[in-house]
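Undergrad: What follows is target24.cif; its format and atoms are mmCIF, C-alpha atoms.
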data_entry
#
loop_
_atom_site.label_atom_id
_atom_site.label_comp_id
_atom_site.auth_asym_id
_atom_site.auth_seq_id
_atom_site.Cartn_x
_atom_site.Cartn_y
_atom_site.Cartn_z
CA MET A 1 195.34 20.82 27.65
CA ILE A 2 191.53 21.18 27.74
CA THR A 3 189.98 22.26 31.02
CA SER A 4 186.30 22.17 32.03
CA PRO A 5 184.63 25.58 32.56
CA THR A 6 184.20 26.46 36.17
CA SER A 7 181.22 28.86 35.60
CA ALA A 8 178.39 29.42 33.14
CA SER A 9 179.08 31.56 30.11
CA GLY A 10 176.73 33.78 28.11
CA PRO A 11 173.77 35.90 29.32
CA SER A 12 172.47 35.19 32.78
CA ARG A 13 169.15 33.42 33.30
CA SER A 14 167.51 36.57 34.68
CA ILE A 15 168.44 38.47 31.52
CA LEU A 16 166.99 35.72 29.32
CA VAL A 17 163.76 35.70 31.33
CA MET A 18 163.47 39.48 31.09
CA ALA A 19 164.14 39.40 27.37
CA GLY A 20 161.46 36.74 26.89
CA LEU A 21 158.94 38.78 28.84
CA LEU A 22 159.69 41.90 26.83
CA ALA A 23 159.43 39.99 23.55
CA GLY A 24 156.09 38.49 24.60
CA PHE A 25 154.75 41.91 25.63
CA ALA A 26 155.87 43.47 22.34
CA LEU A 27 154.28 40.64 20.33
CA GLY A 28 150.99 40.91 22.24
CA LEU A 29 150.95 44.69 21.85
CA GLY A 30 151.58 44.38 18.13
CA ILE A 31 148.77 41.86 17.70
CA ALA A 32 146.40 44.10 19.68
CA ILE A 33 147.27 47.10 17.50
CA VAL A 34 146.69 45.09 14.31
CA VAL A 35 143.35 43.73 15.57
CA ASP A 36 142.22 47.19 16.66
CA THR A 37 143.20 48.63 13.28
CA LEU A 38 141.38 45.96 11.29
CA SER A 39 138.27 45.74 13.53
CA PRO A 40 135.26 47.96 12.81
CA ARG A 41 135.10 51.15 14.86
CA ARG A 42 132.68 50.88 17.75
CA VAL A 43 130.84 53.27 20.04
CA ALA A 44 133.21 53.39 22.99
CA ASN A 45 131.24 55.26 25.64
CA ALA A 46 128.37 57.65 26.34
CA ALA A 47 130.28 60.61 24.91
CA ASP A 48 130.74 58.74 21.61
CA ALA A 49 127.03 57.84 21.54
CA VAL A 50 125.86 61.41 22.14
CA ALA A 51 128.36 62.83 19.62
CA ALA A 52 127.27 60.37 16.93
CA THR A 53 123.52 60.75 17.45
CA GLY A 54 123.04 64.27 18.79
CA VAL A 55 120.41 63.05 21.29
CA PRO A 56 120.67 62.65 25.07
CA VAL A 57 121.18 59.53 27.16
CA LEU A 58 117.86 58.80 28.90
CA ALA A 59 119.03 55.76 30.86
CA ARG A 60 122.07 53.60 31.39
CA VAL A 61 121.07 50.04 32.16
CA PRO A 62 123.57 47.55 33.58
CA ALA A 63 124.24 44.57 31.34
CA LEU A 64 123.08 41.14 32.39
CA PRO A 65 125.66 39.23 34.47
CA PHE A 66 128.27 37.45 32.38
CA TRP A 67 127.07 33.99 33.45
CA GLN A 68 123.51 34.86 32.38
CA ARG A 69 124.51 36.36 29.04
CA GLY A 70 126.14 33.04 28.17
CA ARG A 71 122.73 31.39 28.11
CA ARG A 72 120.86 31.20 24.85
CA SER A 73 117.67 32.95 26.07
CA PRO A 74 118.06 33.98 29.72
CA ARG A 75 114.81 34.52 31.62
CA LEU A 76 114.10 38.19 32.21
CA ARG A 77 113.43 39.23 35.80
CA LEU A 78 113.18 42.55 37.57
CA ARG A 79 116.68 43.77 38.53
CA PRO A 80 116.73 46.66 41.02
CA ALA A 81 119.53 48.61 39.32
CA ALA A 82 117.92 48.23 35.88
CA ALA A 83 114.48 49.15 37.27
CA ALA A 84 115.81 52.36 38.80
CA ALA A 85 117.45 53.39 35.51
CA LEU A 86 114.33 52.58 33.50
CA ARG A 87 112.13 54.54 35.90
CA ARG A 88 114.28 57.56 35.08
CA LEU A 89 113.65 56.84 31.40
CA GLN A 90 109.90 56.77 32.09
CA HIS A 91 109.97 60.04 34.03
CA GLN A 92 111.93 61.85 31.31
CA LEU A 93 109.60 60.67 28.56
CA GLU A 94 106.58 61.74 30.57
CA LEU A 95 107.95 65.28 30.66
CA GLN A 96 107.56 65.52 26.88
CA PRO A 97 104.43 67.11 25.40
CA GLY A 98 101.65 64.59 25.00
CA THR A 99 103.49 61.95 27.10
CA PRO A 100 104.55 59.35 24.52
CA ARG A 101 102.97 55.96 25.29
CA ARG A 102 103.78 53.93 22.17
CA LEU A 103 107.54 53.53 22.26
CA LEU A 104 109.59 51.88 19.54
CA PHE A 105 112.93 50.48 20.74
CA ILE A 106 115.52 49.71 18.11
CA GLY A 107 119.24 49.00 17.99
CA ALA A 108 121.94 49.44 15.39
CA SER A 109 123.75 46.11 15.79
CA THR A 110 122.81 42.61 16.87
CA GLY A 111 123.25 42.12 20.59
CA ASP A 112 122.67 45.76 21.57
CA GLY A 113 120.23 44.68 24.29
CA VAL A 114 116.91 45.82 22.82
CA THR A 115 114.88 42.78 23.90
CA THR A 116 116.33 42.90 27.42
CA SER A 117 115.60 46.64 27.70
CA VAL A 118 112.00 46.27 26.50
CA GLY A 119 111.35 43.29 28.76
CA GLU A 120 112.78 44.94 31.85
CA LEU A 121 110.98 48.23 31.17
CA GLY A 122 107.72 46.29 30.85
CA LEU A 123 108.35 44.53 34.16
CA THR A 124 109.24 47.83 35.82
CA LEU A 125 106.12 49.64 34.60
CA ALA A 126 103.88 46.72 35.57
CA ARG A 127 105.28 46.77 39.13
CA VAL A 128 104.22 50.40 39.56
CA GLY A 129 100.68 49.77 38.36
CA ARG A 130 100.78 50.41 34.61
CA ASP A 131 99.04 48.20 32.06
CA VAL A 132 101.67 47.35 29.46
CA LEU A 133 101.65 45.58 26.11
CA MET A 134 105.01 44.50 24.68
CA VAL A 135 105.14 43.83 20.94
CA ASP A 136 107.83 41.61 19.39
CA LEU A 137 108.43 42.60 15.76
CA ASN A 138 111.22 40.08 15.22
CA THR A 139 110.10 37.77 12.41
CA ARG A 140 113.20 35.58 12.38
CA LYS A 141 113.87 34.70 16.01
CA PRO A 142 111.14 36.14 18.25
CA GLN A 143 112.14 35.52 21.86
CA LEU A 144 110.48 38.20 24.01
CA ALA A 145 107.56 36.00 25.15
CA ARG A 146 109.81 33.05 25.89
CA ARG A 147 112.23 35.15 27.91
CA LEU A 148 109.35 36.46 30.01
CA GLY A 149 107.93 33.00 30.59
CA ALA A 150 104.70 33.78 28.72
CA PRO A 151 102.78 30.86 27.19
CA GLU A 152 102.80 30.36 23.45
CA VAL A 153 99.79 31.79 21.63
CA THR A 154 98.78 32.13 18.00
CA PRO A 155 100.99 34.80 16.35
CA LEU A 156 99.42 38.09 15.32
CA ALA A 157 100.02 37.42 11.62
CA THR A 158 97.99 34.20 11.83
CA VAL A 159 95.19 35.78 13.88
CA LEU A 160 94.79 38.75 11.50
CA ALA A 161 94.99 36.54 8.42
CA GLY A 162 92.08 34.53 9.82
CA GLY A 163 90.02 37.64 10.53
CA GLY A 164 90.42 37.41 14.32
CA HIS A 165 90.79 40.24 16.82
CA TRP A 166 94.36 41.24 17.60
CA GLU A 167 93.95 40.64 21.36
CA ARG A 168 93.67 36.91 20.66
CA ALA A 169 97.39 37.02 19.88
CA THR A 170 98.36 38.43 23.29
CA ALA A 171 99.55 36.39 26.27
CA SER A 172 99.80 37.40 29.91
CA VAL A 173 103.17 37.23 31.67
CA PRO A 174 102.91 34.87 34.66
CA GLY A 175 102.99 36.63 38.02
CA GLU A 176 102.86 40.12 36.51
CA GLN A 177 99.46 41.82 36.69
CA GLY A 178 98.69 44.06 33.73
CA LEU A 179 101.63 42.86 31.60
CA ARG A 180 100.98 41.18 28.24
CA VAL A 181 103.10 40.30 25.23
CA LEU A 182 102.24 40.04 21.53
CA ALA A 183 104.40 38.59 18.76
CA VAL A 184 103.99 38.99 15.02
CA GLY A 185 105.45 35.49 14.67
CA GLU A 186 108.16 33.85 12.60
CA GLN A 187 107.80 34.84 8.95
CA GLY A 188 111.19 33.95 7.50
CA PRO A 189 113.47 36.25 5.51
CA LEU A 190 110.60 38.08 3.77
CA GLY A 191 109.46 39.59 7.06
CA ILE A 192 105.97 40.77 7.96
CA PRO A 193 103.42 40.08 5.21
CA ASP A 194 102.20 43.26 3.55
CA GLY A 195 98.59 42.67 4.57
CA VAL A 196 99.56 42.31 8.24
CA ALA A 197 101.89 45.31 8.04
CA ALA A 198 99.02 47.43 6.72
CA ASP A 199 96.97 46.50 9.82
CA LEU A 200 99.74 47.17 12.36
CA PRO A 201 99.14 50.95 12.74
CA GLU A 202 95.47 50.28 13.50
CA VAL A 203 96.43 47.55 15.99
CA LEU A 204 98.87 49.85 17.78
CA ALA A 205 96.31 52.66 17.88
CA ALA A 206 93.77 50.32 19.48
CA ALA A 207 96.42 49.02 21.90
CA ARG A 208 97.16 52.57 22.99
CA GLU A 209 93.55 52.92 24.14
CA ARG A 210 93.65 49.58 25.94
CA PHE A 211 97.06 49.88 27.63
CA ASP A 212 98.95 52.64 29.42
CA TYR A 213 102.13 51.80 27.50
CA VAL A 214 102.88 49.92 24.29
CA LEU A 215 106.55 48.90 24.06
CA ILE A 216 107.76 47.67 20.68
CA ASP A 217 110.84 45.45 20.39
CA ALA A 218 112.23 45.78 16.86
CA PRO A 219 115.25 44.05 15.26
CA PRO A 220 118.29 46.16 14.26
CA LEU A 221 117.60 48.56 11.40
CA THR A 222 120.76 47.46 9.62
CA GLU A 223 119.41 43.89 9.42
CA SER A 224 115.65 44.30 9.07
CA GLY A 225 113.19 46.96 8.03
CA GLU A 226 110.35 45.76 10.27
CA ALA A 227 110.61 48.86 12.47
CA LEU A 228 109.78 51.04 9.47
CA ARG A 229 106.39 49.31 9.22
CA VAL A 230 105.22 50.97 12.46
CA THR A 231 106.97 54.36 12.58
CA SER A 232 103.74 56.07 11.53
CA ALA A 233 101.95 54.62 14.58
CA VAL A 234 104.41 55.32 17.42
CA ASP A 235 104.86 58.34 19.67
CA ALA A 236 108.63 58.12 20.17
CA ILE A 237 111.67 56.10 19.14
CA VAL A 238 114.35 55.10 21.64
CA LEU A 239 117.72 53.94 20.35
CA VAL A 240 119.46 51.20 22.35
CA LEU A 241 123.25 50.99 22.15
CA ARG A 242 125.86 48.83 23.87
CA PRO A 243 129.17 50.74 24.26
CA GLY A 244 132.08 48.59 23.20
CA GLN A 245 129.90 46.49 20.91
CA THR A 246 127.69 48.72 18.74
CA ARG A 247 129.49 49.31 15.46
CA LEU A 248 129.76 52.97 14.52
CA ALA A 249 129.04 52.23 10.85
CA ASP A 250 125.84 50.42 11.85
CA LEU A 251 124.80 53.35 14.03
CA GLU A 252 125.38 55.81 11.21
CA SER A 253 123.33 53.61 8.84
CA ALA A 254 120.48 53.34 11.35
CA LEU A 255 120.39 57.10 11.84
CA ALA A 256 120.36 57.64 8.08
CA ILE A 257 117.41 55.23 7.71
CA LEU A 258 115.50 56.99 10.48
CA GLY A 259 116.28 60.33 8.88
CA ARG A 260 114.75 59.20 5.61
CA ALA A 261 111.67 58.20 7.60
CA LEU A 262 111.67 61.73 9.09
CA TRP A 263 112.37 60.49 12.60
CA THR A 264 114.86 61.59 15.24
CA PRO A 265 115.20 59.36 18.31
CA ALA A 266 113.87 60.81 21.56
CA GLY A 267 117.01 59.60 23.31
CA LEU A 268 119.36 56.73 24.06
CA VAL A 269 119.42 53.75 26.35
CA LEU A 270 122.97 52.57 26.96
CA VAL A 271 123.40 48.95 28.03
CA GLY A 272 126.44 48.24 30.17
CA GLY A 273 128.06 49.50 33.36
CA ARG A 274 126.94 49.45 36.97
CA VAL A 275 123.99 51.56 37.95
CA PRO A 276 123.18 51.82 41.68
CA ALA A 277 119.51 51.54 42.65
CA PRO A 278 118.43 54.33 44.99
CA PRO A 279 116.53 53.18 48.10
CA GLY A 280 112.81 53.78 48.21
CA ASP A 281 111.99 53.37 44.51
CA PRO A 282 108.90 51.13 44.37
CA ALA A 283 110.18 49.46 41.20
CA ALA A 284 113.60 48.81 42.66
CA VAL A 285 113.06 47.33 46.09
CA GLY A 286 111.46 44.01 46.80
CA ALA A 287 108.32 44.66 44.79
CA THR A 288 106.18 41.58 44.38
CA ALA A 289 103.76 40.75 41.62
CA ASP A 290 100.75 40.58 43.94
CA ARG A 291 101.24 43.84 45.81
CA PRO A 292 98.42 46.46 45.49
CA ARG A 293 98.60 48.41 42.26
CA GLU A 294 98.66 52.20 42.23
CA ALA A 295 95.25 53.81 42.30
CA ALA A 296 96.31 57.09 40.72
CA ALA A 297 95.15 57.66 37.16
CA LEU A 298 97.58 58.48 34.42
CA GLY A 299 95.76 61.62 33.35
CA PRO A 300 94.41 62.43 29.89
CA ARG A 301 96.05 60.75 26.92
CA ALA A 302 97.21 62.65 23.87
CA GLU A 303 95.29 61.82 20.74
CA ALA A 304 97.04 59.44 18.34
#
Go ahead and express the file in the form of structure tokens.

TA:
Amino acid sequence: MITSPTSASGPSRSILVMAGLLAGFALGLGIAIVVDTLSPRRVANAADAVAATGVPVLARVPALPFWQRGRRSPRLRLRPAAAAALRRLQHQLELQPGTPRRLLFIGASTGDGVTTSVGELGLTLARVGRDVLMVDLNTRKPQLARRLGAPEVTPLATVLAGGGHWERATASVPGEQGLRVLAVGEQGPLGIPDGVAADLPEVLAAARERFDYVLIDAPPLTESGEALRVTSAVDAIVLVLRPGQTRLADLESALAILGRALWTPAGLVLVGGRVPAPPGDPAAVGATADRPREAAALGPRAEA
């Protein structure tokens, strides 16, 4: 005689749920290990960056908010925490002999935050009364002027090719007294024309006499050699890295290229992390574009 079961048989539901959770966790962990093994090694933190480069961290700038990074070309504005960090960068560089004024900013990988760092440093210096020229060396996708809201002007390569003065290629940043931007212009995969590249050191030397600071935004060394066109005409090189994103192999390649050019970076700017803005810093608290500029002189400049 066949009788119907009076209770469930086999493992209990709670055991099945627990087993499913454990299996899912093990699968996810295994996938993560495989991805980590196959992915390129990256600079994880400040300690990694210092160990790989042998130079100090001059500033740690917070990354743009996630919602803003999702935009194609987010407008650059003065952020108090970033301004405070970049003021520390300025103060440390000014302690060096000769006070470097022509600063070349380069990264190792795409997306390291070079353009953002240059733009925000320019805004910070302008708010404390410095005259600043920012130079965009990107010949494929120049975006510094657009991200600062500056009007389009004739690119430097076109102006120089026509025999014009380099200042005709500069544009003022709206609402920011003493802040101007200059772009070489789109040149395609061949980069800066040789004739224009030959004139760049002279342009930067003249700009140093006209402006308190010249900040140069260069594309990553592992993707473009444009930065090498101006190394003879700069006072210091600052390497910009983004922990968690900058590939270690790219960083090693960039350092090797700089070494062959007989250059060692003055220091690092790390992009990412929260940086509190101390109260009272004129570049970090409610500064407005039309407030009185500092009357103090910068002191004697070192000869180029």

Undergrad: With a distance cut-off of 12 Å and only C-alpha atoms, select the neighbouring residues of Pro201 of chain A, excluding the residue or stretch itself and same-chain residues fewer than 6 positions from it, and output the selection as a VMD selection string.

TA: chain A and resid 102 166 195 207 to 208 227 to 235 304

Undergrad: Could the residues in this selection be written to a file with C-alpha atoms, as a PDB file, in the coordinates of the input?

TA:
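Saved the output as again.pdb:
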ATOM      1  CA  ARG A 102     103.780  53.930  22.170  1.00  0.00           C
ATOM      2  CA  TRP A 166      94.360  41.240  17.600  1.00  0.00           C
ATOM      3  CA  GLY A 195      98.590  42.670   4.570  1.00  0.00           C
ATOM      4  CA  ALA A 207      96.420  49.020  21.900  1.00  0.00           C
ATOM      5  CA  ARG A 208      97.160  52.570  22.990  1.00  0.00           C
ATOM      6  CA  ALA A 227     110.610  48.860  12.470  1.00  0.00           C
ATOM      7  CA  LEU A 228     109.780  51.040   9.470  1.00  0.00           C
ATOM      8  CA  ARG A 229     106.390  49.310   9.220  1.00  0.00           C
ATOM      9  CA  VAL A 230     105.220  50.970  12.460  1.00  0.00           C
ATOM     10  CA  THR A 231     106.970  54.360  12.580  1.00  0.00           C
ATOM     11  CA  SER A 232     103.740  56.070  11.530  1.00  0.00           C
ATOM     12  CA  ALA A 233     101.950  54.620  14.580  1.00  0.00           C
ATOM     13  CA  VAL A 234     104.410  55.320  17.420  1.00  0.00           C
ATOM     14  CA  ASP A 235     104.860  58.340  19.670  1.00  0.00           C
ATOM     15  CA  ALA A 304      97.040  59.440  18.340  1.00  0.00           C
TER      16      ALA A 304
END

Undergrad: For His91 of chain A, which of A:Leu133, A:Leu125, A:Val61, A:Ala108 is the closest residue, counting all atoms listed in the file?

TA: A:Leu125

Undergrad: Would you mind listing what lies within 8 Å of segment 135-142 of chain A as JSON, numbers by chain, with all atoms listed in the file counted and same-chain residues fewer than 5 positions away left out?

TA: {"A": [181, 182, 183, 184, 185, 186, 187, 188, 189, 191, 192, 214, 215, 216, 217, 218, 219, 226, 227]}

Undergrad: The PyMOL selection byres ((chain A and resi 153) around 12) on the file shown: which residues, as a list in words?

TA: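 Evaluating the PyMOL selection byres ((chain A and resi 153) around 12) on this file yields Ala145, Arg146, Ala150, Pro151, Glu152, Thr154, Pro155, Leu156, Ala157, Thr158, Val159, Trp166, Glu167, Arg168, Ala169, Thr170, Ala171, Ser172, Val173, Arg180, Val181, Leu182, Ala183, Val184 and Gly185 of chain A.
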
Undergrad: Using the selection just defined, write its residues with C-alpha atoms as a CSV table (one decimal), in the frame of the given file.

TA:
chain,number,residue,atom,x,y,z
A,145,ALA,CA,107.6,36.0,25.2
A,146,ARG,CA,109.8,33.0,25.9
A,150,ALA,CA,104.7,33.8,28.7
A,151,PRO,CA,102.8,30.9,27.2
A,152,GLU,CA,102.8,30.4,23.4
A,154,THR,CA,98.8,32.1,18.0
A,155,PRO,CA,101.0,34.8,16.4
A,156,LEU,CA,99.4,38.1,15.3
A,157,ALA,CA,100.0,37.4,11.6
A,158,THR,CA,98.0,34.2,11.8
A,159,VAL,CA,95.2,35.8,13.9
A,166,TRP,CA,94.4,41.2,17.6
A,167,GLU,CA,94.0,40.6,21.4
A,168,ARG,CA,93.7,36.9,20.7
A,169,ALA,CA,97.4,37.0,19.9
A,170,THR,CA,98.4,38.4,23.3
A,171,ALA,CA,99.6,36.4,26.3
A,172,SER,CA,99.8,37.4,29.9
A,173,VAL,CA,103.2,37.2,31.7
A,180,ARG,CA,101.0,41.2,28.2
A,181,VAL,CA,103.1,40.3,25.2
A,182,LEU,CA,102.2,40.0,21.5
A,183,ALA,CA,104.4,38.6,18.8
A,184,VAL,CA,104.0,39.0,15.0
A,185,GLY,CA,105.4,35.5,14.7

Undergrad: To one decimal place, how far is atom CA of Arg79 of chain A from atom CA of Gly244 of chain A in Å?

TA: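 Between atom CA of Arg79 of chain A and atom CA of Gly244 of chain A the gap is 22.3 Å.
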
Undergrad: Hey, can you check how far atom CA of Leu76 of chain A sits from atom CA of Thr115 of chain A?

TA: 9.5 Å

Undergrad: Could you list, as a VMD selection string, every residue matched by the PyMOL selection byres ((chain A and resi 265-274) around 9) in this structure?

TA: chain A and resid 45 to 46 49 to 50 53 to 64 81 86 89 93 112 to 114 117 236 to 244 255 258 263 to 264 275 to 276
